[in-house]
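Student: Quick one, start_14.cif (mmCIF, N, CA, C and O atoms):
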data_target
#
loop_
_atom_site.label_atom_id
_atom_site.label_comp_id
_atom_site.auth_asym_id
_atom_site.auth_seq_id
_atom_site.Cartn_x
_atom_site.Cartn_y
_atom_site.Cartn_z
N MET A 1 16.78 51.98 -52.13
CA MET A 1 16.51 51.68 -50.73
C MET A 1 15.23 50.86 -50.63
O MET A 1 14.23 51.14 -51.28
N SER A 2 15.25 49.84 -49.81
CA SER A 2 14.09 48.97 -49.69
C SER A 2 13.09 49.53 -48.67
O SER A 2 13.43 50.32 -47.81
N ALA A 3 11.88 49.08 -48.78
CA ALA A 3 10.80 49.54 -47.91
C ALA A 3 11.00 49.01 -46.49
O ALA A 3 11.51 47.91 -46.29
N GLN A 4 10.58 49.79 -45.52
CA GLN A 4 10.59 49.39 -44.12
C GLN A 4 9.21 48.82 -43.79
O GLN A 4 8.21 49.51 -43.94
N ILE A 5 9.16 47.57 -43.37
CA ILE A 5 7.90 46.88 -43.12
C ILE A 5 7.89 46.40 -41.68
O ILE A 5 8.85 45.81 -41.20
N THR A 6 6.78 46.62 -40.98
CA THR A 6 6.68 46.19 -39.58
C THR A 6 6.21 44.74 -39.50
O THR A 6 5.67 44.19 -40.46
N LYS A 7 6.38 44.14 -38.33
CA LYS A 7 5.92 42.76 -38.12
C LYS A 7 4.41 42.67 -38.28
O LYS A 7 3.89 41.68 -38.78
N ALA A 8 3.69 43.72 -37.86
CA ALA A 8 2.23 43.73 -37.99
C ALA A 8 1.81 43.73 -39.46
O ALA A 8 0.85 43.06 -39.85
N GLU A 9 2.54 44.45 -40.30
CA GLU A 9 2.24 44.46 -41.73
C GLU A 9 2.54 43.11 -42.36
O GLU A 9 1.79 42.65 -43.22
N VAL A 10 3.62 42.48 -41.94
CA VAL A 10 3.96 41.15 -42.44
C VAL A 10 2.85 40.16 -42.07
O VAL A 10 2.44 39.33 -42.89
N ALA A 11 2.35 40.25 -40.86
CA ALA A 11 1.31 39.33 -40.38
C ALA A 11 0.03 39.43 -41.21
O ALA A 11 -0.73 38.46 -41.28
N GLN A 12 -0.22 40.56 -41.84
CA GLN A 12 -1.42 40.73 -42.66
C GLN A 12 -1.29 40.03 -44.01
O GLN A 12 -2.28 39.78 -44.67
N HIS A 13 -0.07 39.73 -44.42
CA HIS A 13 0.18 39.11 -45.73
C HIS A 13 0.38 37.61 -45.57
O HIS A 13 1.50 37.10 -45.57
N LYS A 14 -0.73 36.89 -45.45
CA LYS A 14 -0.63 35.44 -45.25
C LYS A 14 -1.65 34.66 -46.06
O LYS A 14 -1.98 33.54 -45.75
N ASP A 15 -2.18 35.29 -47.12
CA ASP A 15 -3.14 34.58 -47.96
C ASP A 15 -2.49 34.16 -49.29
O ASP A 15 -1.33 34.45 -49.53
N GLU A 16 -3.24 33.50 -50.12
CA GLU A 16 -2.73 32.96 -51.39
C GLU A 16 -2.14 34.02 -52.32
O GLU A 16 -1.21 33.76 -53.06
N LYS A 17 -2.71 35.21 -52.31
CA LYS A 17 -2.28 36.26 -53.23
C LYS A 17 -1.04 37.01 -52.77
O LYS A 17 -0.28 37.53 -53.57
N SER A 18 -0.85 37.08 -51.47
CA SER A 18 0.27 37.86 -50.92
C SER A 18 0.77 37.20 -49.64
O SER A 18 0.13 37.29 -48.60
N MET A 19 1.91 36.54 -49.74
CA MET A 19 2.51 35.88 -48.58
C MET A 19 3.88 36.48 -48.30
O MET A 19 4.74 36.49 -49.17
N TYR A 20 4.05 36.99 -47.09
CA TYR A 20 5.35 37.53 -46.67
C TYR A 20 5.90 36.64 -45.56
O TYR A 20 5.15 36.12 -44.74
N ILE A 21 7.22 36.51 -45.54
CA ILE A 21 7.90 35.89 -44.41
C ILE A 21 9.09 36.76 -44.04
O ILE A 21 9.58 37.54 -44.85
N ILE A 22 9.54 36.62 -42.81
CA ILE A 22 10.71 37.34 -42.32
C ILE A 22 11.85 36.33 -42.18
O ILE A 22 11.67 35.27 -41.60
N ILE A 23 13.00 36.69 -42.74
CA ILE A 23 14.22 35.91 -42.55
C ILE A 23 15.31 36.90 -42.18
O ILE A 23 15.61 37.81 -42.95
N ASP A 24 15.87 36.73 -41.00
CA ASP A 24 16.81 37.67 -40.41
C ASP A 24 16.13 39.04 -40.34
O ASP A 24 15.13 39.16 -39.67
N ASP A 25 16.62 40.04 -41.04
CA ASP A 25 15.96 41.35 -41.00
C ASP A 25 15.31 41.68 -42.34
O ASP A 25 14.89 42.80 -42.58
N GLY A 26 15.19 40.70 -43.22
CA GLY A 26 14.58 40.92 -44.53
C GLY A 26 13.16 40.40 -44.59
O GLY A 26 12.79 39.45 -43.89
N VAL A 27 12.35 41.04 -45.43
CA VAL A 27 10.96 40.62 -45.64
C VAL A 27 10.86 40.14 -47.09
O VAL A 27 11.27 40.84 -48.01
N TYR A 28 10.33 38.94 -47.27
CA TYR A 28 10.29 38.30 -48.58
C TYR A 28 8.87 37.96 -48.98
O TYR A 28 8.10 37.44 -48.18
N GLU A 29 8.52 38.23 -50.25
CA GLU A 29 7.21 37.93 -50.84
C GLU A 29 7.32 36.55 -51.49
O GLU A 29 8.08 36.37 -52.46
N ILE A 30 6.61 35.56 -50.97
CA ILE A 30 6.78 34.18 -51.43
C ILE A 30 5.57 33.62 -52.16
O ILE A 30 5.57 32.44 -52.53
N ALA A 31 4.54 34.42 -52.41
CA ALA A 31 3.32 33.91 -53.04
C ALA A 31 3.59 33.30 -54.41
O ALA A 31 3.03 32.26 -54.75
N ASN A 32 4.47 33.89 -55.20
CA ASN A 32 4.76 33.37 -56.54
C ASN A 32 5.79 32.24 -56.52
O ASN A 32 6.05 31.62 -57.54
N PHE A 33 6.37 31.98 -55.37
CA PHE A 33 7.40 30.95 -55.23
C PHE A 33 6.85 29.66 -54.61
O PHE A 33 7.51 28.62 -54.66
N VAL A 34 5.67 29.71 -54.07
CA VAL A 34 5.10 28.58 -53.32
C VAL A 34 5.14 27.28 -54.11
O VAL A 34 5.56 26.25 -53.58
N ASP A 35 4.71 27.30 -55.35
CA ASP A 35 4.67 26.06 -56.14
C ASP A 35 6.05 25.57 -56.56
O ASP A 35 6.21 24.40 -56.88
N GLU A 36 7.04 26.43 -56.56
CA GLU A 36 8.41 26.06 -56.94
C GLU A 36 9.21 25.50 -55.76
O GLU A 36 10.26 24.90 -55.96
N HIS A 37 8.74 25.73 -54.55
CA HIS A 37 9.50 25.32 -53.36
C HIS A 37 9.68 23.81 -53.34
O HIS A 37 8.69 23.06 -53.37
N PRO A 38 10.92 23.33 -53.30
CA PRO A 38 11.18 21.88 -53.31
C PRO A 38 10.56 21.13 -52.14
O PRO A 38 10.21 19.96 -52.26
N GLY A 39 10.37 21.79 -51.01
CA GLY A 39 9.79 21.15 -49.84
C GLY A 39 8.28 21.12 -49.86
O GLY A 39 7.65 20.56 -48.97
N GLY A 40 7.69 21.76 -50.85
CA GLY A 40 6.24 21.77 -50.98
C GLY A 40 5.61 23.07 -50.51
O GLY A 40 6.17 23.80 -49.70
N ALA A 41 4.45 23.35 -51.03
CA ALA A 41 3.72 24.58 -50.72
C ALA A 41 3.23 24.61 -49.28
O ALA A 41 3.13 25.67 -48.66
N LYS A 42 2.93 23.46 -48.72
CA LYS A 42 2.37 23.37 -47.38
C LYS A 42 3.27 24.05 -46.34
O LYS A 42 2.79 24.75 -45.45
N ILE A 43 4.57 23.87 -46.46
CA ILE A 43 5.52 24.44 -45.52
C ILE A 43 5.50 25.96 -45.58
O ILE A 43 5.46 26.64 -44.56
N LEU A 44 5.54 26.51 -46.78
CA LEU A 44 5.54 27.97 -46.93
C LEU A 44 4.22 28.57 -46.48
O LEU A 44 4.21 29.64 -45.86
N LYS A 45 3.12 27.92 -46.77
CA LYS A 45 1.82 28.44 -46.35
C LYS A 45 1.72 28.48 -44.83
O LYS A 45 1.12 29.38 -44.26
N ARG A 46 2.32 27.53 -44.16
CA ARG A 46 2.31 27.48 -42.70
C ARG A 46 3.10 28.64 -42.10
O ARG A 46 2.74 29.16 -41.05
N MET A 47 4.16 29.06 -42.76
CA MET A 47 5.02 30.13 -42.23
C MET A 47 4.63 31.53 -42.72
O MET A 47 5.19 32.51 -42.26
N ALA A 48 3.69 31.64 -43.61
CA ALA A 48 3.30 32.94 -44.16
C ALA A 48 2.85 33.89 -43.06
O ALA A 48 2.10 33.53 -42.17
N GLY A 49 3.36 35.11 -43.13
CA GLY A 49 3.03 36.14 -42.16
C GLY A 49 3.81 36.06 -40.87
O GLY A 49 3.51 36.77 -39.91
N LYS A 50 4.83 35.19 -40.83
CA LYS A 50 5.59 34.98 -39.59
C LYS A 50 7.09 35.13 -39.80
O LYS A 50 7.57 35.22 -40.92
N ASP A 51 7.83 35.11 -38.70
CA ASP A 51 9.28 35.11 -38.74
C ASP A 51 9.75 33.67 -38.95
O ASP A 51 9.55 32.81 -38.11
N ALA A 52 10.36 33.41 -40.11
CA ALA A 52 10.79 32.06 -40.46
C ALA A 52 12.30 31.87 -40.38
O ALA A 52 12.84 30.92 -40.92
N THR A 53 12.97 32.77 -39.68
CA THR A 53 14.44 32.74 -39.62
C THR A 53 14.97 31.40 -39.13
O THR A 53 15.82 30.79 -39.78
N LYS A 54 14.50 30.95 -37.98
CA LYS A 54 15.02 29.72 -37.38
C LYS A 54 14.79 28.51 -38.29
O LYS A 54 15.71 27.73 -38.53
N GLN A 55 13.60 28.38 -38.83
CA GLN A 55 13.29 27.25 -39.69
C GLN A 55 14.06 27.32 -41.01
O GLN A 55 14.51 26.30 -41.53
N PHE A 56 14.21 28.53 -41.55
CA PHE A 56 14.93 28.69 -42.81
C PHE A 56 16.37 28.21 -42.68
O PHE A 56 16.83 27.40 -43.48
N TRP A 57 17.08 28.71 -41.67
CA TRP A 57 18.49 28.36 -41.54
C TRP A 57 18.70 26.92 -41.07
O TRP A 57 19.77 26.36 -41.26
N LYS A 58 17.69 26.30 -40.50
CA LYS A 58 17.80 24.90 -40.10
C LYS A 58 17.86 24.00 -41.33
O LYS A 58 18.57 23.00 -41.34
N TYR A 59 17.12 24.36 -42.39
CA TYR A 59 17.01 23.49 -43.56
C TYR A 59 17.68 24.02 -44.83
O TYR A 59 17.71 23.31 -45.83
N HIS A 60 18.17 25.26 -44.82
CA HIS A 60 18.75 25.85 -46.03
C HIS A 60 20.16 26.38 -45.78
O HIS A 60 20.50 26.73 -44.66
N SER A 61 20.93 26.46 -46.85
CA SER A 61 22.29 26.99 -46.75
C SER A 61 22.32 28.44 -47.24
O SER A 61 21.32 28.97 -47.75
N LYS A 62 23.48 29.04 -47.11
CA LYS A 62 23.67 30.41 -47.57
C LYS A 62 23.43 30.53 -49.08
O LYS A 62 22.96 31.55 -49.57
N GLY A 63 23.72 29.48 -49.81
CA GLY A 63 23.54 29.47 -51.26
C GLY A 63 22.10 29.68 -51.69
O GLY A 63 21.82 30.32 -52.70
N VAL A 64 21.15 29.17 -50.91
CA VAL A 64 19.73 29.35 -51.21
C VAL A 64 19.37 30.82 -51.10
O VAL A 64 18.68 31.37 -51.97
N MET A 65 19.86 31.47 -50.07
CA MET A 65 19.59 32.90 -49.89
C MET A 65 20.23 33.72 -51.00
O MET A 65 19.63 34.67 -51.50
N GLU A 66 21.44 33.35 -51.41
CA GLU A 66 22.11 34.07 -52.49
C GLU A 66 21.35 33.91 -53.81
O GLU A 66 21.26 34.85 -54.60
N LYS A 67 20.79 32.73 -54.05
CA LYS A 67 20.08 32.46 -55.30
C LYS A 67 18.72 33.15 -55.34
O LYS A 67 18.35 33.76 -56.35
N TRP A 68 17.94 33.06 -54.28
CA TRP A 68 16.55 33.53 -54.28
C TRP A 68 16.32 34.84 -53.53
O TRP A 68 15.31 35.51 -53.77
N GLY A 69 17.19 35.20 -52.64
CA GLY A 69 16.97 36.37 -51.78
C GLY A 69 16.66 37.66 -52.52
O GLY A 69 15.67 38.33 -52.23
N ALA A 70 17.48 38.01 -53.49
CA ALA A 70 17.29 39.27 -54.21
C ALA A 70 16.00 39.26 -55.03
O ALA A 70 15.35 40.29 -55.18
N LYS A 71 15.61 38.10 -55.54
CA LYS A 71 14.40 38.00 -56.36
C LYS A 71 13.12 38.16 -55.54
O LYS A 71 12.13 38.67 -56.02
N LEU A 72 13.15 37.69 -54.30
CA LEU A 72 11.94 37.65 -53.49
C LEU A 72 11.84 38.75 -52.44
O LEU A 72 10.77 38.97 -51.86
N LYS A 73 12.93 39.46 -52.19
CA LYS A 73 12.94 40.48 -51.13
C LYS A 73 12.11 41.69 -51.51
O LYS A 73 12.23 42.22 -52.60
N VAL A 74 11.24 42.12 -50.58
CA VAL A 74 10.41 43.31 -50.81
C VAL A 74 10.74 44.44 -49.85
O VAL A 74 10.28 45.56 -50.04
N GLY A 75 11.53 44.16 -48.83
CA GLY A 75 11.88 45.21 -47.87
C GLY A 75 12.64 44.66 -46.69
O GLY A 75 13.04 43.50 -46.67
N THR A 76 12.83 45.53 -45.72
CA THR A 76 13.51 45.14 -44.49
C THR A 76 12.56 45.34 -43.32
O THR A 76 11.61 46.12 -43.39
N LEU A 77 12.85 44.63 -42.25
CA LEU A 77 12.01 44.71 -41.06
C LEU A 77 12.27 46.02 -40.34
O LEU A 77 13.42 46.37 -40.06
N LYS A 78 11.21 46.74 -40.05
CA LYS A 78 11.32 48.03 -39.38
C LYS A 78 11.53 47.81 -37.89
O LYS A 78 10.83 47.01 -37.26
N GLU A 79 12.47 48.54 -37.34
CA GLU A 79 12.73 48.47 -35.89
C GLU A 79 11.52 49.01 -35.15
O GLU A 79 10.98 50.06 -35.49
N GLU A 80 11.10 48.32 -34.11
CA GLU A 80 9.99 48.76 -33.29
C GLU A 80 10.47 48.93 -31.86
O GLU A 80 11.40 48.25 -31.42
N ALA A 81 9.84 49.81 -31.15
CA ALA A 81 10.20 50.05 -29.75
C ALA A 81 9.89 48.81 -28.91
O ALA A 81 8.82 48.22 -29.05
N LYS A 82 10.83 48.45 -28.08
CA LYS A 82 10.63 47.31 -27.18
C LYS A 82 10.25 47.85 -25.82
O LYS A 82 11.00 48.60 -25.22
N LEU A 83 9.09 47.47 -25.36
CA LEU A 83 8.61 47.98 -24.07
C LEU A 83 8.88 47.03 -22.95
O LEU A 83 8.90 45.88 -23.05
#
Let me see whether you can do it: turn the structure in this file into structure tokens.

Tutor:
Amino acid sequence: MSAQITKAEVAQHKDEKSMYIIIDDGVYEIANFVDEHPGGAKILKRMAGKDATKQFWKYHSKGVMEKWGAKLKVGTLKEEAKL
């Protein structure tokens, strides 16, 4: 079972050593992937600590998620109360 991570916890992980992004309901650790990203590190650094779902699916196919998703996933987004 994967860890439940809140949006606030994801927002804290936006530096060079630990970068998290949210895609759909998954949380992904991308710090070790930054230099391998074909679009460049600048794009990933800009999205670190944020929900990147819309941008991810705009530029990537399902195949990218199948290839890298399991390797980079650290948990799922925890449901929070909506007020």

Student: Neighbouring residues of region 45-55 of chain A were defined as those with any atom within 7 Å, considering all atoms listed in the file; residues of the same chain fewer than 2 positions away were excluded. Please report them as a list of chain:residue names.

Tutor: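 These residues fall inside the cut-off: A:Lys7, A:Ala8, A:Glu9, A:Val10, A:Ala11, A:Gln12, A:His13, A:Lys14, A:Asp15, A:Ser18, A:Met19, A:Tyr20, A:Ile21, A:Ile22, A:Ile23, A:Asp24, A:Val34, A:Gly40, A:Ala41, A:Lys42, A:Ile43, A:Trp57, A:Lys58, A:Tyr59, A:His60.
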
Student: Only N, CA, C and O atoms, please: the residues just picked out, written as a compact mmCIF listing (two decimals), keeping the file's coordinate frame.

Tutor:
# COMPACT_ATOMS: atom_id res chain seq x y z
N LYS A 7 6.38 44.14 -38.33
CA LYS A 7 5.92 42.76 -38.12
C LYS A 7 4.41 42.67 -38.28
O LYS A 7 3.89 41.68 -38.78
N ALA A 8 3.69 43.72 -37.86
CA ALA A 8 2.23 43.73 -37.99
C ALA A 8 1.81 43.73 -39.46
O ALA A 8 0.85 43.06 -39.85
N GLU A 9 2.54 44.45 -40.30
CA GLU A 9 2.24 44.46 -41.73
C GLU A 9 2.54 43.11 -42.36
O GLU A 9 1.79 42.65 -43.22
N VAL A 10 3.62 42.48 -41.94
CA VAL A 10 3.96 41.15 -42.44
C VAL A 10 2.85 40.16 -42.07
O VAL A 10 2.44 39.33 -42.89
N ALA A 11 2.35 40.25 -40.86
CA ALA A 11 1.31 39.33 -40.38
C ALA A 11 0.03 39.43 -41.21
O ALA A 11 -0.73 38.46 -41.28
N GLN A 12 -0.22 40.56 -41.84
CA GLN A 12 -1.42 40.73 -42.66
C GLN A 12 -1.29 40.03 -44.01
O GLN A 12 -2.28 39.78 -44.67
N HIS A 13 -0.07 39.73 -44.42
CA HIS A 13 0.18 39.11 -45.73
C HIS A 13 0.38 37.61 -45.57
O HIS A 13 1.50 37.10 -45.57
N LYS A 14 -0.73 36.89 -45.45
CA LYS A 14 -0.63 35.44 -45.25
C LYS A 14 -1.65 34.66 -46.06
O LYS A 14 -1.98 33.54 -45.75
N ASP A 15 -2.18 35.29 -47.12
CA ASP A 15 -3.14 34.58 -47.96
C ASP A 15 -2.49 34.16 -49.29
O ASP A 15 -1.33 34.45 -49.53
N SER A 18 -0.85 37.08 -51.47
CA SER A 18 0.27 37.86 -50.92
C SER A 18 0.77 37.20 -49.64
O SER A 18 0.13 37.29 -48.60
N MET A 19 1.91 36.54 -49.74
CA MET A 19 2.51 35.88 -48.58
C MET A 19 3.88 36.48 -48.30
O MET A 19 4.74 36.49 -49.17
N TYR A 20 4.05 36.99 -47.09
CA TYR A 20 5.35 37.53 -46.67
C TYR A 20 5.90 36.64 -45.56
O TYR A 20 5.15 36.12 -44.74
N ILE A 21 7.22 36.51 -45.54
CA ILE A 21 7.90 35.89 -44.41
C ILE A 21 9.09 36.76 -44.04
O ILE A 21 9.58 37.54 -44.85
N ILE A 22 9.54 36.62 -42.81
CA ILE A 22 10.71 37.34 -42.32
C ILE A 22 11.85 36.33 -42.18
O ILE A 22 11.67 35.27 -41.60
N ILE A 23 13.00 36.69 -42.74
CA ILE A 23 14.22 35.91 -42.55
C ILE A 23 15.31 36.90 -42.18
O ILE A 23 15.61 37.81 -42.95
N ASP A 24 15.87 36.73 -41.00
CA ASP A 24 16.81 37.67 -40.41
C ASP A 24 16.13 39.04 -40.34
O ASP A 24 15.13 39.16 -39.67
N VAL A 34 5.67 29.71 -54.07
CA VAL A 34 5.10 28.58 -53.32
C VAL A 34 5.14 27.28 -54.11
O VAL A 34 5.56 26.25 -53.58
N GLY A 40 7.69 21.76 -50.85
CA GLY A 40 6.24 21.77 -50.98
C GLY A 40 5.61 23.07 -50.51
O GLY A 40 6.17 23.80 -49.70
N ALA A 41 4.45 23.35 -51.03
CA ALA A 41 3.72 24.58 -50.72
C ALA A 41 3.23 24.61 -49.28
O ALA A 41 3.13 25.67 -48.66
N LYS A 42 2.93 23.46 -48.72
CA LYS A 42 2.37 23.37 -47.38
C LYS A 42 3.27 24.05 -46.34
O LYS A 42 2.79 24.75 -45.45
N ILE A 43 4.57 23.87 -46.46
CA ILE A 43 5.52 24.44 -45.52
C ILE A 43 5.50 25.96 -45.58
O ILE A 43 5.46 26.64 -44.56
N TRP A 57 17.08 28.71 -41.67
CA TRP A 57 18.49 28.36 -41.54
C TRP A 57 18.70 26.92 -41.07
O TRP A 57 19.77 26.36 -41.26
N LYS A 58 17.69 26.30 -40.50
CA LYS A 58 17.80 24.90 -40.10
C LYS A 58 17.86 24.00 -41.33
O LYS A 58 18.57 23.00 -41.34
N TYR A 59 17.12 24.36 -42.39
CA TYR A 59 17.01 23.49 -43.56
C TYR A 59 17.68 24.02 -44.83
O TYR A 59 17.71 23.31 -45.83
N HIS A 60 18.17 25.26 -44.82
CA HIS A 60 18.75 25.85 -46.03
C HIS A 60 20.16 26.38 -45.78
O HIS A 60 20.50 26.73 -44.66

Student: Written as a PyMOL selection string, what is the full residue list that the PyMOL selection byres ((chain A and resi 29) around 7) yields on the file shown?

Tutor: chain A and resi 18-21+27-28+30-33+71-75

Student: Check the smallest atom-to-atom distance from each of A:Thr76, A:Lys67, A:His37, A:Lys62 to Thr6 (chain A) using all atoms listed in the file, then report the winner.

Tutor: A:Thr76

Student: Of the candidates A:Lys17, A:Ser61, A:Asp25, A:Leu77, which one gets nearest to Ala3 (chain A) if we count only C-alpha atoms?

Tutor: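 The answer is A:Leu77, which sits nearest to Ala3 (chain A).
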
Student: Separation of atom C of Gly26 (chain A) and CA of Ile5 (chain A), in Å?

Tutor: 8.5 Å

Student: Out of region 17-74 of chain A, which residues get strand (DSSP E or B) from DSSP, as a list in words?

Tutor: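 Of region 17-74 of chain A, the ones in strand (DSSP E or B) are Met19, Tyr20, Ile21, Ile22, Ile23, Gly26, Val27, Tyr28, Glu29, Asp51, Lys73 and Val74 of chain A.
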
Student: What does the distance between CA of Ala70 (chain A) and CA of Gln4 (chain A) come to in Å, to one decimal place?

Tutor: 15.8 Å

Student: Just to confirm, what's the straight-line distance from atom C of Gly39 (chain A) to atom N of Lys78 (chain A) in Å (one decimal)?

Tutor: 27.6 Å

Student: According to DSSP computed on the backbone, where in chain A is there alpha helix (DSSP H)? Give the residues as a ChimeraX atom specification.

Tutor: /A:7-12,41-47,53-59,62-72
